[in-house]
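Undergrad: To be precise about what I am sending: the file is called protein.pdb and holds PDB, C-alpha atoms.
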ATOM      1  CA  MET A   1     160.732-120.649-102.919
ATOM      2  CA  ASN A   2     157.174-120.473-101.562
ATOM      3  CA  VAL A   3     154.462-121.054-104.130
ATOM      4  CA  LYS A   4     151.014-119.637-103.451
ATOM      5  CA  ARG A   5     148.082-121.989-103.607
ATOM      6  CA  THR A   6     145.124-121.187-105.852
ATOM      7  CA  ALA A   7     141.514-121.050-104.696
ATOM      8  CA  VAL A   8     138.154-120.478-106.366
ATOM      9  CA  VAL A   9     135.276-119.137-104.284
ATOM     10  CA  THR A  10     131.765-119.222-105.719
ATOM     11  CA  ASP A  11     129.743-116.294-104.407
ATOM     12  CA  SER A  12     126.301-116.473-102.809
ATOM     13  CA  GLY A  13     125.741-112.715-102.879
ATOM     14  CA  ASN A  14     125.238-112.185 -99.146
ATOM     15  CA  GLY A  15     128.770-111.061 -98.363
ATOM     16  CA  LEU A  16     130.148-114.454 -97.408
ATOM     17  CA  GLY A  17     131.892-114.974-100.742
ATOM     18  CA  ARG A  18     133.830-111.738-100.270
ATOM     19  CA  THR A  19     134.640-112.716 -96.669
ATOM     20  CA  PHE A  20     135.939-116.116 -97.760
ATOM     21  CA  ALA A  21     137.951-114.586-100.616
ATOM     22  CA  ASN A  22     139.565-111.977 -98.361
ATOM     23  CA  THR A  23     140.341-114.604 -95.712
ATOM     24  CA  LEU A  24     142.094-116.710 -98.348
ATOM     25  CA  LEU A  25     144.041-113.669 -99.574
ATOM     26  CA  LYS A  26     145.234-112.989 -96.036
ATOM     27  CA  ASN A  27     146.399-116.600 -95.872
ATOM     28  CA  GLU A  28     148.509-116.281 -99.027
ATOM     29  CA  TYR A  29     146.222-117.830-101.624
ATOM     30  CA  ASN A  30     145.716-116.612-105.161
ATOM     31  CA  VAL A  31     141.949-116.200-105.368
ATOM     32  CA  ILE A  32     139.351-116.203-108.121
ATOM     33  CA  LEU A  33     135.924-115.076-106.917
ATOM     34  CA  ALA A  34     133.358-116.462-109.356
ATOM     35  CA  ALA A  35     130.154-114.468-108.960
ATOM     36  CA  THR A  36     126.642-114.604-110.340
ATOM     37  CA  GLN A  37     125.354-111.541-112.200
ATOM     38  CA  ASP A  38     124.020-109.514-109.241
ATOM     39  CA  SER A  39     127.003-110.336-107.051
ATOM     40  CA  PHE A  40     129.384-109.531-109.886
ATOM     41  CA  ASP A  41     127.780-106.108-110.369
ATOM     42  CA  ASN A  42     128.026-105.307-106.642
ATOM     43  CA  LEU A  43     131.571-106.591-106.227
ATOM     44  CA  SER A  44     132.798-104.759-109.327
ATOM     45  CA  ILE A  45     132.307-101.365-107.677
ATOM     46  CA  GLU A  46     133.875-102.236-104.305
ATOM     47  CA  THR A  47     136.931-100.298-103.137
ATOM     48  CA  ASP A  48     137.989-102.634-100.339
ATOM     49  CA  ASP A  49     141.794-102.645 -99.994
ATOM     50  CA  LEU A  50     141.649-106.441 -99.990
ATOM     51  CA  HIS A  51     139.936-106.458-103.389
ATOM     52  CA  LYS A  52     142.925-108.221-104.925
ATOM     53  CA  TYR A  53     141.143-111.351-106.064
ATOM     54  CA  LYS A  54     140.284-111.948-109.718
ATOM     55  CA  LEU A  55     136.557-111.423-110.194
ATOM     56  CA  VAL A  56     134.858-113.585-112.833
ATOM     57  CA  LYS A  57     131.175-113.442-113.790
ATOM     58  CA  THR A  58     129.813-117.006-113.829
ATOM     59  CA  ASP A  59     126.421-118.571-114.441
ATOM     60  CA  PHE A  60     126.529-121.763-112.397
ATOM     61  CA  THR A  61     123.418-123.116-114.115
ATOM     62  CA  SER A  62     125.340-123.238-117.414
ATOM     63  CA  ASP A  63     127.966-125.820-118.391
ATOM     64  CA  GLU A  64     129.371-123.361-120.925
ATOM     65  CA  SER A  65     129.858-120.624-118.315
ATOM     66  CA  VAL A  66     131.556-122.970-115.833
ATOM     67  CA  PHE A  67     133.859-124.198-118.630
ATOM     68  CA  GLU A  68     134.737-120.527-119.256
ATOM     69  CA  LEU A  69     135.601-120.266-115.552
ATOM     70  CA  LYS A  70     137.802-123.354-115.934
ATOM     71  CA  ASN A  71     139.652-121.773-118.856
ATOM     72  CA  THR A  72     140.186-118.605-116.807
ATOM     73  CA  ILE A  73     141.739-120.646-113.996
ATOM     74  CA  ILE A  74     144.015-122.453-116.459
ATOM     75  CA  ASN A  75     145.085-119.260-118.204
ATOM     76  CA  THR A  76     145.645-117.344-114.964
ATOM     77  CA  PHE A  77     147.112-119.895-112.546
ATOM     78  CA  GLY A  78     147.306-123.241-114.366
ATOM     79  CA  HIS A  79     145.848-125.386-111.610
ATOM     80  CA  LEU A  80     143.509-125.415-108.619
ATOM     81  CA  ASP A  81     144.151-126.286-104.961
ATOM     82  CA  LEU A  82     140.899-125.285-103.270
ATOM     83  CA  LEU A  83     137.297-125.039-104.503
ATOM     84  CA  PHE A  84     134.999-123.204-102.088
ATOM     85  CA  ASN A  85     131.412-123.936-103.179
ATOM     86  CA  ASN A  86     129.520-121.065-101.590
ATOM     87  CA  VAL A  87     126.946-120.214-104.267
ATOM     88  CA  GLU A  88     123.342-120.641-103.138
ATOM     89  CA  LYS A  89     119.824-119.253-103.006
ATOM     90  CA  ALA A  90     117.961-118.791 -99.730
ATOM     91  CA  ASN A  91     114.268-117.992 -99.869
ATOM     92  CA  GLY A  92     110.865-119.277 -98.836
ATOM     93  CA  PHE A  93     110.299-118.294 -95.212
ATOM     94  CA  GLY A  94     106.970-119.789 -94.131
ATOM     95  CA  GLN A  95     107.117-122.052 -97.147
ATOM     96  CA  LYS A  96     104.430-124.610 -96.272
ATOM     97  CA  ILE A  97     102.917-126.893 -98.876
ATOM     98  CA  GLU A  98     100.089-124.529 -99.847
ATOM     99  CA  GLN A  99     102.572-121.749-100.627
ATOM    100  CA  ILE A 100     105.168-123.807-102.495
ATOM    101  CA  ASN A 101     105.839-122.856-106.093
ATOM    102  CA  ILE A 102     107.431-125.910-107.698
ATOM    103  CA  GLU A 103     109.279-123.845-110.304
ATOM    104  CA  GLU A 104     110.853-121.739-107.550
ATOM    105  CA  VAL A 105     111.896-124.921-105.750
ATOM    106  CA  LYS A 106     113.499-126.228-108.945
ATOM    107  CA  SER A 107     115.350-122.935-109.358
ATOM    108  CA  LEU A 108     116.656-123.115-105.803
ATOM    109  CA  TYR A 109     117.814-126.731-106.230
ATOM    110  CA  GLU A 110     119.519-125.753-109.490
ATOM    111  CA  MET A 111     121.727-123.330-107.561
ATOM    112  CA  ASN A 112     122.114-125.063-104.192
ATOM    113  CA  VAL A 113     122.667-128.635-105.418
ATOM    114  CA  PHE A 114     123.094-128.999-109.184
ATOM    115  CA  ALA A 115     125.418-125.983-109.505
ATOM    116  CA  VAL A 116     127.758-127.545-106.942
ATOM    117  CA  MET A 117     127.702-130.880-108.775
ATOM    118  CA  ARG A 118     128.322-129.153-112.102
ATOM    119  CA  THR A 119     131.217-127.076-110.754
ATOM    120  CA  VAL A 120     132.933-130.048-109.106
ATOM    121  CA  LYS A 121     132.532-132.193-112.227
ATOM    122  CA  ILE A 122     133.950-129.554-114.583
ATOM    123  CA  LEU A 123     136.798-128.301-112.374
ATOM    124  CA  LYS A 124     137.897-131.646-110.893
ATOM    125  CA  SER A 125     140.671-132.225-113.452
ATOM    126  CA  LEU A 126     142.377-128.971-112.375
ATOM    127  CA  PHE A 127     143.250-130.592-109.031
ATOM    128  CA  GLU A 128     145.652-133.040-110.677
ATOM    129  CA  LYS A 129     148.648-130.696-110.234
ATOM    130  CA  SER A 130     147.854-129.970-106.584
ATOM    131  CA  GLU A 131     149.603-131.863-103.794
ATOM    132  CA  ASP A 132     146.755-131.209-101.340
ATOM    133  CA  PRO A 133     143.533-130.477-103.256
ATOM    134  CA  ARG A 134     140.429-129.603-101.261
ATOM    135  CA  ILE A 135     136.736-129.018-101.881
ATOM    136  CA  ILE A 136     134.652-127.195 -99.267
ATOM    137  CA  ASN A 137     130.872-127.155 -99.687
ATOM    138  CA  VAL A 138     129.104-124.445 -97.685
ATOM    139  CA  THR A 139     126.104-126.006 -96.036
ATOM    140  CA  SER A 140     123.593-125.119 -93.327
ATOM    141  CA  ALA A 141     122.441-126.730 -90.113
ATOM    142  CA  MET A 142     118.945-126.389 -91.567
ATOM    143  CA  GLY A 143     119.898-129.325 -93.767
ATOM    144  CA  ASP A 144     120.794-131.476 -90.743
ATOM    145  CA  LEU A 145     117.836-133.766 -89.998
ATOM    146  CA  ASN A 146     118.958-134.485 -86.430
ATOM    147  CA  LYS A 147     119.268-130.796 -85.560
ATOM    148  CA  MET A 148     115.987-129.852 -87.235
ATOM    149  CA  SER A 149     114.263-132.607 -85.231
ATOM    150  CA  ASP A 150     115.521-131.096 -81.979
ATOM    151  CA  GLU A 151     112.989-128.564 -80.639
ATOM    152  CA  SER A 152     115.748-126.768 -78.732
ATOM    153  CA  PHE A 153     117.624-126.026 -81.950
ATOM    154  CA  CYS A 154     117.226-122.357 -82.906
ATOM    155  CA  TYR A 155     116.097-123.050 -86.493
ATOM    156  CA  SER A 156     113.908-126.101 -85.823
ATOM    157  CA  ASN A 157     110.630-124.278 -86.482
ATOM    158  CA  TYR A 158     111.747-122.522 -89.665
ATOM    159  CA  CYS A 159     109.618-123.658 -92.613
ATOM    160  CA  MET A 160     112.120-123.011 -95.405
ATOM    161  CA  THR A 161     111.148-126.236 -97.108
ATOM    162  CA  ALA A 162     113.040-125.804-100.381
ATOM    163  CA  TYR A 163     116.191-124.351 -98.816
ATOM    164  CA  ALA A 164     116.436-126.828 -95.940
ATOM    165  CA  SER A 165     115.809-129.864 -98.140
ATOM    166  CA  SER A 166     118.334-128.634-100.721
ATOM    167  CA  LYS A 167     120.986-128.318 -98.015
ATOM    168  CA  ALA A 168     120.117-131.826 -96.807
ATOM    169  CA  ALA A 169     120.721-133.013-100.377
ATOM    170  CA  LEU A 170     124.017-131.102-100.451
ATOM    171  CA  ASN A 171     125.071-132.731 -97.172
ATOM    172  CA  MET A 172     124.490-136.188 -98.645
ATOM    173  CA  TYR A 173     126.294-135.229-101.851
ATOM    174  CA  THR A 174     129.265-133.992 -99.796
ATOM    175  CA  HIS A 175     129.338-137.281 -97.869
ATOM    176  CA  LEU A 176     129.230-139.361-101.047
ATOM    177  CA  GLN A 177     131.884-137.247-102.776
ATOM    178  CA  SER A 178     134.151-137.593 -99.757
ATOM    179  CA  LYS A 179     133.855-141.379-100.031
ATOM    180  CA  GLU A 180     134.319-141.348-103.820
ATOM    181  CA  PHE A 181     137.431-139.167-103.695
ATOM    182  CA  SER A 182     138.992-140.847-100.639
ATOM    183  CA  PRO A 183     141.367-143.009-102.749
ATOM    184  CA  SER A 184     142.690-139.801-104.348
ATOM    185  CA  ARG A 185     144.334-136.750-102.777
ATOM    186  CA  ILE A 186     141.124-134.718-102.952
ATOM    187  CA  SER A 187     139.577-133.901 -99.582
ATOM    188  CA  VAL A 188     135.874-132.987 -99.477
ATOM    189  CA  LYS A 189     134.390-131.223 -96.437
ATOM    190  CA  GLY A 190     131.190-129.436 -95.495
ATOM    191  CA  PHE A 191     131.308-126.094 -93.691
ATOM    192  CA  ASP A 192     128.467-124.248 -91.934
ATOM    193  CA  PRO A 193     129.463-120.596 -91.301
ATOM    194  CA  ILE A 194     126.268-119.366 -89.624
ATOM    195  CA  ALA A 195     125.250-119.123 -85.969
ATOM    196  CA  LEU A 196     121.928-117.517 -85.023
ATOM    197  CA  LYS A 197     123.494-114.641 -83.068
ATOM    198  CA  ASN A 198     125.614-113.745 -86.087
ATOM    199  CA  CYS A 199     122.862-113.825 -88.694
ATOM    200  CA  THR A 200     120.435-111.091 -89.731
ATOM    201  CA  HIS A 201     118.226-110.701 -92.794
ATOM    202  CA  ASN A 202     120.713-108.271 -94.330
ATOM    203  CA  SER A 203     124.197-109.443 -93.442
ATOM    204  CA  VAL A 204     126.243-112.311 -92.132
ATOM    205  CA  VAL A 205     129.227-112.061 -89.794
ATOM    206  CA  ILE A 206     131.468-115.019 -89.033
ATOM    207  CA  CYS A 207     132.197-115.338 -85.307
ATOM    208  CA  ASN A 208     135.639-116.191 -83.952
ATOM    209  CA  ASP A 209     134.950-119.879 -83.283
ATOM    210  CA  VAL A 210     133.637-120.405 -86.807
ATOM    211  CA  MET A 211     136.557-118.461 -88.262
ATOM    212  CA  ASP A 212     138.943-120.787 -86.419
ATOM    213  CA  GLU A 213     137.212-123.740 -88.073
ATOM    214  CA  LEU A 214     137.526-122.062 -91.463
ATOM    215  CA  LEU A 215     141.238-121.357 -90.962
ATOM    216  CA  GLU A 216     141.789-125.003 -90.052
ATOM    217  CA  LEU A 217     140.087-126.080 -93.281
ATOM    218  CA  ILE A 218     142.216-123.832 -95.504
ATOM    219  CA  SER A 219     145.568-124.009 -93.696
ATOM    220  CA  TYR A 220     148.471-125.850 -95.239
ATOM    221  CA  GLU A 221     152.159-126.358 -94.641
ATOM    222  CA  LYS A 222     154.212-124.210 -96.988
ATOM    223  CA  LYS A 223     157.052-125.926 -98.802
ATOM    224  CA  SER A 224     160.280-124.212 -99.831
TER
END
Reformat the file's structure so that it appears as structure tokens.

TA:
Amino acid sequence: MNVKRTAVVTDSGNGLGRTFANTLLKNEYNVILAATQDSFDNLSIETDDLHKYKLVKTDFTSDESVFELKNTIINTFGHLDLLFNNVEKANGFGQKIEQINIEEVKSLYEMNVFAVMRTVKILKSLFEKSEDPRIINVTSAMGDLNKMSDESFCYSNYCMTAYASSKAALNMYTHLQSKEFSPSRISVKGFDPIALKNCTHNSVVICNDVMDELLELISYEKKS
């Protein structure tokens, strides 16, 4: 008997969360899409035929709300195989030092870094019943110091100071978590879904090469 794996996707509100959730559904996962307030409101009225995931409103800045998400996972599926940390904020184009609002930077870090840490910490115990547990943290090349130092890189001149530095922090966190969890079964990976030709201010489309990378990250060998 084939048993479906269970995944949680945290939604960033730009359409990627829905894309990831639907991709997981197509690949025979049970899916909970945990969405912030605005995303939850938008996703609640969708009529997409693939809207078969369980939608849960979650405040990732709140321990209490993430614990409620944990209880929902336990009550619905009992365990967790894949955590897809996709929640983020992206703002601050042209954000040079004179324009930086420290409170806005703190708010962005709360979502892009601390929310990921909080979610991993609270949900980690749910992986104990999984034979192949995985954590995927959605990052950005704008957080890659080597790429941002390369003048030929398409984003190298973007001054999104808060966003880029938060993704650099997330990259380091992902690296450290991968090392910490290496003695266990939990695999921790970073995933960057965006290429310049596929990105606009209003929508994001995952190209075929990136989709192949995503499918490799979520694929598993079914057991009878």

Undergrad: Set up a box along x, y and z of the file covering all listed atoms of range 135-151 of chain A, add 3 Å on every one of the six sides, and write the centre and edge lengths in Å to one decimal, as AutoDock Vina command-line options.

TA:
--center_x 124.9 --center_y -129.5 --center_z -91.3 --size_x 29.7 --size_y 16.0 --size_z 27.2

Undergrad: At a cut-off of 7 Å, using all atoms listed in the file, what residues contact Leu108 in chain A? Leave out same-chain residues fewer than 4 positions from it and give the result as an NGL selection string.

TA: :A and (89 or 104 or 112)

Undergrad: Counting only C-alpha atoms, I want the residues whose atoms come within 6 Å of (126.8, -123.5, -106.6) in the file frame, returned as a list of chain:residue names.

TA: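 Neighbouring residues, ordered by chain and number, come to A:Asn85, A:Val87, A:Glu88, A:Met111, A:Asn112, A:Ala115, A:Val116.
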
Undergrad: Kindly resolve the PyMOL selection byres ((chain A and resi 106) around 12) on the present coordinates and return the residues as a list in words.

TA: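 Matching residues under the PyMOL selection byres ((chain A and resi 106) around 12) are Thr61, Lys89, Ile100, Asn101, Ile102, Glu103, Glu104, Val105, Ser107, Leu108, Tyr109, Glu110, Met111, Asn112, Val113, Phe114, Ala115, Ala162, Tyr163, Ser165 and Ser166 of chain A.
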
Undergrad: Can you measure CA of Val9 in chain A to CA of Phe181 in chain A for me? One decimal in Å is fine.

TA: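 Taking CA of Val9 in chain A as the start and CA of Phe181 in chain A as the end point, the length is 20.2 Å.
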
Undergrad: Any idea what the distance is between CA of Tyr53 in chain A and CA of Val120 in chain A?

TA: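 Separating CA of Tyr53 in chain A from CA of Val120 in chain A is a distance of 20.6 Å.
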
Undergrad: Given the choices A:Gln99, A:Phe153, A:Ile122, A:Ala21, which gets closest to Phe60 in chain A if the distance is worked out from only C-alpha atoms?

TA: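 Among A:Gln99, A:Phe153, A:Ile122, A:Ala21, it is A:Ile122 that comes nearest to Phe60 in chain A.
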
Undergrad: Rounded to one decimal, what separation in Å do you get between CA of Ala169 in chain A and CA of Ser149 in chain A?

TA: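 Taking CA of Ala169 in chain A and CA of Ser149 in chain A, their separation equals 16.5 Å.
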
Undergrad: Using only C-alpha atoms, can you tell me which of A:Glu64, A:Glu98, A:Glu46, A:Asp11 comes closest to Cys159 in chain A?

TA: A:Glu98
